[in-house]
$ cat structure29.cif   # mmCIF, C-alpha atoms
data_input
#
loop_
_atom_site.label_atom_id
_atom_site.label_comp_id
_atom_site.auth_asym_id
_atom_site.auth_seq_id
_atom_site.Cartn_x
_atom_site.Cartn_y
_atom_site.Cartn_z
CA MET I 1 69.92 16.63 -25.21
CA GLN I 2 70.73 12.14 -19.30
CA THR I 3 75.94 7.47 -14.28
CA ASP I 4 79.02 6.51 -13.52
CA ARG I 5 81.39 9.29 -14.58
CA ALA I 6 84.23 6.93 -15.32
CA SER I 7 82.06 5.06 -17.81
CA PHE I 8 80.99 8.36 -19.37
CA VAL I 9 84.59 9.48 -19.88
CA LEU I 10 85.61 6.13 -21.37
CA ALA I 11 82.65 6.11 -23.72
CA ALA I 12 83.17 9.70 -24.80
CA GLY I 13 86.83 8.99 -25.41
CA ALA I 14 85.97 5.94 -27.45
CA VAL I 15 83.58 7.95 -29.59
CA ALA I 16 86.24 10.58 -30.15
CA LEU I 17 88.94 8.06 -31.05
CA VAL I 18 86.70 6.31 -33.53
CA ALA I 19 85.56 9.57 -35.07
CA PHE I 20 88.91 11.35 -35.27
CA THR I 21 89.89 10.21 -38.73
CA GLY I 22 91.76 13.39 -39.42
CA ILE I 23 90.60 16.91 -40.14
CA ASP I 24 88.24 17.32 -43.06
CA TRP I 25 90.13 20.09 -44.82
CA ALA I 26 86.99 21.60 -46.34
CA HIS I 27 85.69 22.02 -42.80
CA ALA I 28 89.07 23.06 -41.43
CA GLN I 29 89.18 26.02 -43.78
CA HIS I 30 85.79 27.07 -42.39
CA THR I 31 86.54 26.34 -38.74
CA PRO I 32 88.02 28.85 -36.26
CA ALA I 33 91.56 28.09 -35.13
CA ALA I 34 90.53 27.40 -31.53
CA VAL I 35 88.41 24.46 -32.64
CA ALA I 36 90.80 23.21 -35.30
CA ALA I 37 93.40 22.96 -32.52
CA VAL I 38 91.38 20.18 -30.86
CA GLN I 39 90.51 18.56 -34.21
CA GLU I 40 86.86 18.34 -35.12
CA ALA I 41 85.55 14.80 -34.97
CA ALA I 42 83.98 13.54 -38.18
CA PRO I 43 80.35 12.36 -38.06
CA LEU I 44 79.99 8.81 -36.76
CA PRO I 45 78.88 6.05 -39.14
CA PRO I 46 75.35 4.84 -38.26
CA GLU I 47 76.63 1.48 -37.01
CA GLN I 48 78.77 3.23 -34.39
CA ILE I 49 75.91 5.14 -32.78
CA PRO I 50 75.35 3.62 -29.30
CA GLN I 51 72.23 1.52 -28.89
CA ASN I 52 70.63 3.71 -26.22
CA ILE I 53 70.87 6.68 -28.59
CA GLN I 54 69.55 4.78 -31.59
CA GLY I 55 66.64 3.69 -29.44
CA ALA I 56 65.96 7.24 -28.26
CA VAL I 57 65.98 8.75 -31.75
CA ASN I 58 64.09 5.92 -33.45
CA ALA I 59 61.43 5.48 -30.77
CA PRO I 60 58.13 5.03 -32.64
CA ASP I 61 56.23 7.13 -30.11
CA ARG I 62 58.34 10.26 -30.50
CA PRO I 63 56.23 13.21 -31.72
CA ALA I 64 56.02 13.54 -35.50
CA ALA I 65 56.93 17.23 -35.21
CA ASP I 66 60.19 16.25 -33.48
CA LYS I 67 61.02 13.63 -36.08
CA SER I 68 60.53 16.20 -38.83
CA LEU I 69 63.45 18.17 -37.37
CA ASP I 70 65.84 15.23 -37.11
CA ALA I 71 67.29 15.46 -40.63
CA GLY I 72 68.55 18.97 -39.93
CA ARG I 73 69.47 18.51 -36.26
CA LYS I 74 71.04 15.02 -36.47
CA PRO I 75 70.26 14.19 -32.84
CA GLU I 76 72.01 10.82 -33.02
CA GLN I 77 75.29 12.60 -33.81
CA MET I 78 74.73 15.17 -31.08
CA LEU I 79 73.93 12.64 -28.34
CA ALA I 80 76.78 10.34 -29.38
CA PHE I 81 79.32 13.16 -29.49
CA PHE I 82 78.17 14.34 -26.07
CA GLY I 83 78.58 10.80 -24.73
CA ILE I 84 75.05 10.45 -23.33
CA GLN I 85 74.69 7.10 -21.57
CA PRO I 86 72.04 5.30 -19.51
CA GLY I 87 71.94 6.39 -15.87
CA MET I 88 73.53 9.80 -16.37
CA LYS I 89 72.39 12.93 -14.56
CA VAL I 90 72.18 15.75 -17.07
CA ALA I 91 70.54 19.13 -17.60
CA ASP I 92 68.97 20.66 -20.69
CA LEU I 93 69.52 24.39 -20.30
CA PHE I 94 67.00 26.67 -22.07
CA ALA I 95 64.96 23.65 -23.09
CA ALA I 96 62.32 25.64 -25.05
CA GLY I 97 59.66 23.18 -26.25
CA GLY I 98 61.63 20.18 -25.01
CA TYR I 99 62.91 18.51 -28.19
CA THR I 100 66.31 17.87 -26.63
CA THR I 101 64.87 17.14 -23.19
CA GLU I 102 62.85 14.23 -24.55
CA LEU I 103 65.81 12.76 -26.42
CA LEU I 104 67.95 13.02 -23.29
CA ALA I 105 65.23 11.44 -21.16
CA ARG I 106 64.99 8.47 -23.49
CA ALA I 107 68.78 8.13 -23.85
CA VAL I 108 69.60 8.18 -20.10
CA GLY I 109 66.69 5.85 -19.39
CA PRO I 110 64.82 5.16 -16.15
CA THR I 111 68.01 5.10 -14.06
CA GLY I 112 69.03 8.55 -15.27
CA THR I 113 67.73 12.03 -14.52
CA VAL I 114 67.19 15.07 -16.72
CA TYR I 115 66.80 18.59 -15.33
CA SER I 116 64.92 20.54 -17.99
CA GLN I 117 65.27 24.31 -17.44
CA ASN I 118 63.32 27.16 -18.96
CA PRO I 119 62.86 30.75 -17.86
CA THR I 120 59.40 32.29 -17.59
CA PHE I 121 58.45 33.11 -21.15
CA PRO I 122 57.07 36.53 -22.15
CA PRO I 123 53.46 36.68 -23.36
CA GLU I 124 54.42 36.46 -27.02
CA ALA I 125 56.27 33.17 -26.39
CA GLN I 126 53.84 31.51 -23.99
CA GLN I 127 53.10 28.77 -26.51
CA ILE I 128 56.67 27.52 -26.08
CA GLY I 129 56.24 27.18 -22.34
CA GLN I 130 52.89 25.47 -22.83
CA ALA I 131 54.38 22.98 -25.27
CA TRP I 132 57.16 22.22 -22.76
CA THR I 133 54.67 21.71 -19.92
CA GLU I 134 52.49 19.42 -22.03
CA ARG I 135 55.48 17.37 -23.18
CA LEU I 136 56.62 16.73 -19.62
CA LYS I 137 53.26 15.07 -18.84
CA ASN I 138 54.28 12.15 -21.06
CA PRO I 139 55.09 9.11 -18.83
CA VAL I 140 58.18 8.49 -20.98
CA LEU I 141 59.58 11.68 -19.40
CA LYS I 142 58.97 10.67 -15.78
CA ASN I 143 62.74 10.89 -15.22
CA VAL I 144 62.61 14.62 -16.06
CA ILE I 145 62.56 17.33 -13.39
CA ALA I 146 61.13 20.63 -14.64
CA VAL I 147 63.11 23.70 -13.62
CA ASN I 148 61.26 26.97 -14.23
CA GLN I 149 63.95 29.46 -13.25
CA SER I 150 65.34 32.69 -14.61
CA PHE I 151 68.98 32.65 -15.64
CA ASP I 152 70.02 34.92 -12.78
CA ALA I 153 68.44 32.70 -10.11
CA ASP I 154 70.73 31.41 -7.37
CA ASP I 155 69.32 27.93 -7.95
CA LEU I 156 69.33 27.97 -11.75
CA LEU I 157 70.19 24.27 -11.54
CA PRO I 158 68.76 23.03 -8.23
CA VAL I 159 71.19 20.16 -7.74
CA PRO I 160 73.96 19.47 -5.24
CA PRO I 161 77.25 21.04 -6.38
CA GLY I 162 79.34 18.67 -8.44
CA SER I 163 76.50 16.24 -9.16
CA LEU I 164 75.77 16.48 -12.90
CA ASP I 165 77.54 14.54 -15.63
CA ALA I 166 76.66 16.94 -18.44
CA VAL I 167 74.81 20.16 -19.17
CA ILE I 168 73.55 20.66 -22.71
CA MET I 169 72.53 23.89 -24.43
CA ASN I 170 71.22 23.22 -27.92
CA MET I 171 71.18 26.31 -30.18
CA ASN I 172 70.34 28.78 -27.43
CA TYR I 173 73.59 30.32 -26.20
CA HIS I 174 73.16 33.08 -28.75
CA ASP I 175 69.76 33.83 -27.17
CA LEU I 176 71.49 34.56 -23.86
CA VAL I 177 73.51 37.23 -25.65
CA LEU I 178 70.49 38.50 -27.60
CA ARG I 179 68.52 38.93 -24.36
CA GLY I 180 71.38 40.61 -22.52
CA ILE I 181 71.65 37.81 -19.97
CA ASP I 182 74.79 37.68 -17.84
CA ARG I 183 76.55 34.63 -19.31
CA ASP I 184 79.28 34.70 -16.68
CA THR I 185 76.59 34.00 -14.08
CA VAL I 186 75.04 31.23 -16.17
CA ASN I 187 78.38 29.60 -16.96
CA ALA I 188 79.43 29.78 -13.32
CA ALA I 189 76.19 28.04 -12.32
CA VAL I 190 76.85 25.29 -14.85
CA TYR I 191 80.42 24.90 -13.61
CA LYS I 192 79.20 24.58 -10.02
CA ALA I 193 76.60 21.95 -10.92
CA LEU I 194 78.95 19.72 -12.91
CA ARG I 195 81.16 17.14 -11.25
CA SER I 196 84.89 17.09 -11.93
CA GLY I 197 85.25 15.65 -15.41
CA GLY I 198 81.69 16.68 -16.27
CA GLU I 199 81.05 18.45 -19.56
CA TYR I 200 79.27 21.56 -20.77
CA ALA I 201 77.98 20.66 -24.25
CA ILE I 202 76.95 23.41 -26.64
CA VAL I 203 75.50 23.54 -30.15
CA ASP I 204 74.89 26.85 -31.89
CA HIS I 205 74.58 28.60 -35.25
CA SER I 206 77.91 30.04 -36.35
CA ALA I 207 78.37 33.68 -37.28
CA LYS I 208 81.28 34.88 -39.38
CA ASP I 209 84.67 34.33 -37.80
CA GLY I 210 85.81 37.32 -35.78
CA SER I 211 82.37 38.92 -35.69
CA GLY I 212 81.99 38.56 -31.92
CA ALA I 213 78.41 39.46 -30.98
CA LYS I 214 77.95 41.82 -33.94
CA ASP I 215 75.66 39.44 -35.85
CA ILE I 216 73.64 38.31 -32.85
CA GLU I 217 70.42 39.64 -34.41
CA LEU I 218 70.89 36.90 -37.02
CA HIS I 219 70.53 34.38 -34.17
CA ARG I 220 74.14 33.39 -34.74
CA ILE I 221 77.28 33.69 -32.64
CA ASP I 222 80.99 33.78 -33.41
CA GLU I 223 82.45 30.46 -32.30
CA ASN I 224 85.63 31.83 -30.77
CA PHE I 225 83.65 34.53 -28.96
CA LEU I 226 81.61 31.79 -27.30
CA ILE I 227 84.65 29.66 -26.54
CA ASN I 228 86.40 32.56 -24.83
CA GLU I 229 83.33 33.36 -22.72
CA VAL I 230 82.83 29.79 -21.56
CA GLN I 231 86.51 29.23 -20.77
CA LYS I 232 86.53 32.32 -18.55
CA SER I 233 84.45 30.32 -16.06
CA GLY I 234 87.15 27.66 -15.71
CA PHE I 235 86.08 25.24 -18.44
CA LYS I 236 88.56 23.82 -20.94
CA LEU I 237 87.59 23.20 -24.55
CA ALA I 238 87.80 19.43 -24.98
CA ALA I 239 86.49 18.62 -28.45
CA GLY I 240 84.50 19.74 -31.46
CA SER I 241 82.44 17.90 -34.05
CA SER I 242 81.85 18.63 -37.73
CA ALA I 243 78.58 16.68 -37.85
CA LEU I 244 76.46 19.85 -38.19
CA ARG I 245 78.78 21.81 -40.46
CA HIS I 246 77.38 23.37 -43.63
CA PRO I 247 80.29 25.05 -45.47
CA GLU I 248 77.87 26.33 -48.11
CA ASP I 249 76.17 28.57 -45.53
CA ASP I 250 77.44 32.13 -46.02
CA ARG I 251 76.28 32.97 -42.46
CA THR I 252 74.50 36.17 -43.52
CA TRP I 253 70.85 35.12 -43.03
CA VAL I 254 68.67 34.87 -39.94
CA ALA I 255 68.85 31.43 -38.31
CA SER I 256 65.70 31.82 -36.20
CA PRO I 257 63.19 29.05 -37.08
CA ARG I 258 60.46 31.66 -37.50
CA VAL I 259 62.43 33.38 -40.25
CA ALA I 260 64.63 30.67 -41.78
CA GLY I 261 61.71 28.90 -43.42
CA GLU I 262 62.83 26.18 -45.83
CA ARG I 263 66.45 26.86 -44.92
CA ARG I 264 65.84 25.71 -41.35
CA GLY I 265 68.33 22.96 -40.48
CA THR I 266 70.93 24.09 -43.03
CA THR I 267 72.87 26.64 -40.97
CA ASP I 268 76.53 26.03 -40.28
CA ARG I 269 76.57 24.89 -36.65
CA PHE I 270 79.37 24.04 -34.25
CA MET I 271 79.22 21.35 -31.57
CA LEU I 272 81.60 21.80 -28.67
CA ARG I 273 82.38 19.96 -25.44
CA PHE I 274 83.94 21.87 -22.55
CA GLY I 275 85.32 19.91 -19.63
CA LYS I 276 85.36 20.83 -15.95
CA PRO I 277 88.83 19.94 -14.59
#

$ encode --input "structure29.cif" --output "structure tokens"
Amino acid sequence: MQTDRASFVLAAGAVALVAFTGIDWAHAQHTPAAVAAVQEAAPLPPEQIPQNIQGAVNAPDRPAADKSLDAGRKPEQMLAFFGIQPGMKVADLFAAGGYTTELLARAVGPTGTVYSQNPTFPPEAQQIGQAWTERLKNPVLKNVIAVNQSFDADDLLPVPPGSLDAVIMNMNYHDLVLRGIDRDTVNAAVYKALRSGGEYAIVDHSAKDGSGAKDIELHRIDENFLINEVQKSGFKLAAGSSALRHPEDDRTWVASPRVAGERRGTTDRFMLRFGKP
């Protein structure tokens, strides 16, 4: 998934208070203890999705290919849980083809800014980089700044320290592990870029509890493993959401879109917000 930080915090808190209707025990049994401790927010009813987010998701000129993914990705729940408001300065880390970047650009509006970051793609993945480049030519995304930087670059996020409201990574943290990227360096860069009270927002496919990085080839990651890594950089886990939970997923199959086939969009996924004190 881009303003006044005080407004962001109030809005995010309001979303959480409305959504926290108690732990869904079916999900709680499936959820690692570290997340259960902060209580997973239930999905928001449609009428409680903020207008800027409804407008972003329902925009008639969004690409048909993006809209075809919405049922599985539930972008309205993601953007609402992450508290994305007009005028925010946000980053989409590992943006890939730009699905989340475009949603963020529309949600933060013309007074907001989105930094969309991708590394240089290897030859076999050049089509992803090309799709991203083509997408950013759309005038709707004129508030997007393309960042083509490797994850070990000193200016991974070329912004003044403490200037971003949120950094989003949508289903790609596991890829950092899969590629052997130094996540401490990445997380430290995110921490530096965020303002006090800013949030690091992560969605990913869940592996079996306690598996660590053992099942990373499945394009999944153990939730508590990720939480522990991110918190090492100074972040504090603030909240989780059950909106993308799929308790029926046995978490044994490959989550990569190229392999998942018809099961794409049905993985058990966690949504987490980490705050910078």

$ resolve_selection --input "structure29.cif" --expression "the PyMOL selection byres ((chain I and resi 136-149) around 8)" --output "ChimeraX atom specification"
/I:101-102,105-106,109-120,132-135,150-151,153,155-158

$ resolve_selection --input "structure29.cif" --expression "the PyMOL selection byres ((chain I and resi 256-272) around 7)" --output "PyMOL selection string"
chain I and resi 72-73+201-206+219+239-242+244-247+249+254-255+273-274

$ resolve_selection --input "structure29.cif" --expression "the PyMOL selection byres ((chain I and resi 195) around 9)" --output "mmCIF file with C-alpha atoms, keeping the file's coordinate frame"
data_model
loop_
_atom_site.group_PDB
_atom_site.id
_atom_site.type_symbol
_atom_site.label_atom_id
_atom_site.label_comp_id
_atom_site.auth_asym_id
_atom_site.auth_seq_id
_atom_site.Cartn_x
_atom_site.Cartn_y
_atom_site.Cartn_z
ATOM 1 C CA ARG I 5 81.390 9.290 -14.580
ATOM 2 C CA PRO I 161 77.250 21.040 -6.380
ATOM 3 C CA GLY I 162 79.340 18.670 -8.440
ATOM 4 C CA SER I 163 76.500 16.240 -9.160
ATOM 5 C CA LEU I 164 75.770 16.480 -12.900
ATOM 6 C CA ASP I 165 77.540 14.540 -15.630
ATOM 7 C CA ALA I 166 76.660 16.940 -18.440
ATOM 8 C CA TYR I 191 80.420 24.900 -13.610
ATOM 9 C CA LYS I 192 79.200 24.580 -10.020
ATOM 10 C CA ALA I 193 76.600 21.950 -10.920
ATOM 11 C CA LEU I 194 78.950 19.720 -12.910
ATOM 12 C CA SER I 196 84.890 17.090 -11.930
ATOM 13 C CA GLY I 197 85.250 15.650 -15.410
ATOM 14 C CA GLY I 198 81.690 16.680 -16.270
ATOM 15 C CA GLU I 199 81.050 18.450 -19.560
ATOM 16 C CA LYS I 276 85.360 20.830 -15.950
ATOM 17 C CA PRO I 277 88.830 19.940 -14.590
#

$ closest_residue --input "structure29.cif" --among "I:Ala188, I:Leu237, I:Ala64, I:Val167" --to "I:Leu93" --atoms "only C-alpha atoms"
I:Val167

$ residues_around --input "structure29.cif" --residues "I:Leu79" --least-positions-apart "6" --cutoff "10 Å" --atoms "all atoms listed in the file" --output "list of chain:residue names"
I:Met1, I:Gln2, I:Ile49, I:Pro50, I:Asn52, I:Ile53, I:Gln54, I:Ala56, I:Val57, I:Gln85, I:Thr100, I:Leu103, I:Leu104, I:Ala107, I:Ile168, I:Ala201

$ atom_distance --input "structure29.cif" --atom1 "atom CA of I:Asp209" --atom2 "atom CA of I:Arg179"
21.5 Å

$ build_atoms --input "structure29.cif" --residues "stretch 39-65 of chain I" --atoms "N, CA and C atoms" --output "CSV table (one decimal), keeping the file's coordinate frame"
chain,number,residue,atom,x,y,z
I,39,GLN,N,90.9,19.4,-33.1
I,39,GLN,CA,90.5,18.6,-34.2
I,39,GLN,C,89.0,18.2,-34.1
I,40,GLU,N,88.3,18.7,-35.1
I,40,GLU,CA,86.9,18.3,-35.1
I,40,GLU,C,86.7,16.9,-35.5
I,41,ALA,N,85.9,16.2,-34.7
I,41,ALA,CA,85.6,14.8,-35.0
I,41,ALA,C,84.6,14.7,-36.2
I,42,ALA,N,84.9,13.8,-37.0
I,42,ALA,CA,84.0,13.5,-38.2
I,42,ALA,C,82.7,12.9,-37.7
I,43,PRO,N,81.6,13.0,-38.5
I,43,PRO,CA,80.4,12.4,-38.1
I,43,PRO,C,80.6,10.9,-37.9
I,44,LEU,N,79.9,10.2,-37.0
I,44,LEU,CA,80.0,8.8,-36.8
I,44,LEU,C,79.2,8.0,-37.8
I,45,PRO,N,79.7,6.9,-38.3
I,45,PRO,CA,78.9,6.0,-39.1
I,45,PRO,C,77.7,5.5,-38.3
I,46,PRO,N,76.6,5.3,-39.0
I,46,PRO,CA,75.4,4.8,-38.3
I,46,PRO,C,75.6,3.6,-37.4
I,47,GLU,N,76.4,2.7,-37.8
I,47,GLU,CA,76.6,1.5,-37.0
I,47,GLU,C,77.4,1.7,-35.7
I,48,GLN,N,78.0,2.9,-35.6
I,48,GLN,CA,78.8,3.2,-34.4
I,48,GLN,C,78.0,4.1,-33.4
I,49,ILE,N,76.8,4.4,-33.7
I,49,ILE,CA,75.9,5.1,-32.8
I,49,ILE,C,75.5,4.2,-31.7
I,50,PRO,N,75.7,4.5,-30.4
I,50,PRO,CA,75.4,3.6,-29.3
I,50,PRO,C,73.9,3.2,-29.3
I,51,GLN,N,73.6,2.1,-28.8
I,51,GLN,CA,72.2,1.5,-28.9
I,51,GLN,C,71.2,2.4,-28.1
I,52,ASN,N,71.6,2.9,-27.0
I,52,ASN,CA,70.6,3.7,-26.2
I,52,ASN,C,70.2,5.0,-27.0
I,53,ILE,N,71.2,5.5,-27.8
I,53,ILE,CA,70.9,6.7,-28.6
I,53,ILE,C,70.0,6.3,-29.8
I,54,GLN,N,70.4,5.2,-30.5
I,54,GLN,CA,69.6,4.8,-31.6
I,54,GLN,C,68.1,4.6,-31.1
I,55,GLY,N,68.0,3.9,-30.0
I,55,GLY,CA,66.6,3.7,-29.4
I,55,GLY,C,65.9,5.0,-29.1
I,56,ALA,N,66.6,6.0,-28.6
I,56,ALA,CA,66.0,7.2,-28.3
I,56,ALA,C,65.5,8.0,-29.5
I,57,VAL,N,66.3,8.0,-30.5
I,57,VAL,CA,66.0,8.8,-31.8
I,57,VAL,C,64.9,8.0,-32.6
I,58,ASN,N,65.0,6.7,-32.6
I,58,ASN,CA,64.1,5.9,-33.4
I,58,ASN,C,62.8,5.4,-32.7
I,59,ALA,N,62.6,5.9,-31.5
I,59,ALA,CA,61.4,5.5,-30.8
I,59,ALA,C,60.2,5.8,-31.6
I,60,PRO,N,59.3,4.8,-31.8
I,60,PRO,CA,58.1,5.0,-32.6
I,60,PRO,C,57.1,6.0,-32.1
I,61,ASP,N,57.2,6.2,-30.7
I,61,ASP,CA,56.2,7.1,-30.1
I,61,ASP,C,56.7,8.5,-29.9
I,62,ARG,N,57.9,8.9,-30.5
I,62,ARG,CA,58.3,10.3,-30.5
I,62,ARG,C,57.4,11.1,-31.3
I,63,PRO,N,57.2,12.4,-31.0
I,63,PRO,CA,56.2,13.2,-31.7
I,63,PRO,C,56.7,13.4,-33.2
I,64,ALA,N,55.7,13.4,-34.1
I,64,ALA,CA,56.0,13.5,-35.5
I,64,ALA,C,56.7,14.9,-35.8
I,65,ALA,N,56.3,15.9,-35.0
I,65,ALA,CA,56.9,17.2,-35.2
I,65,ALA,C,58.4,17.2,-34.9
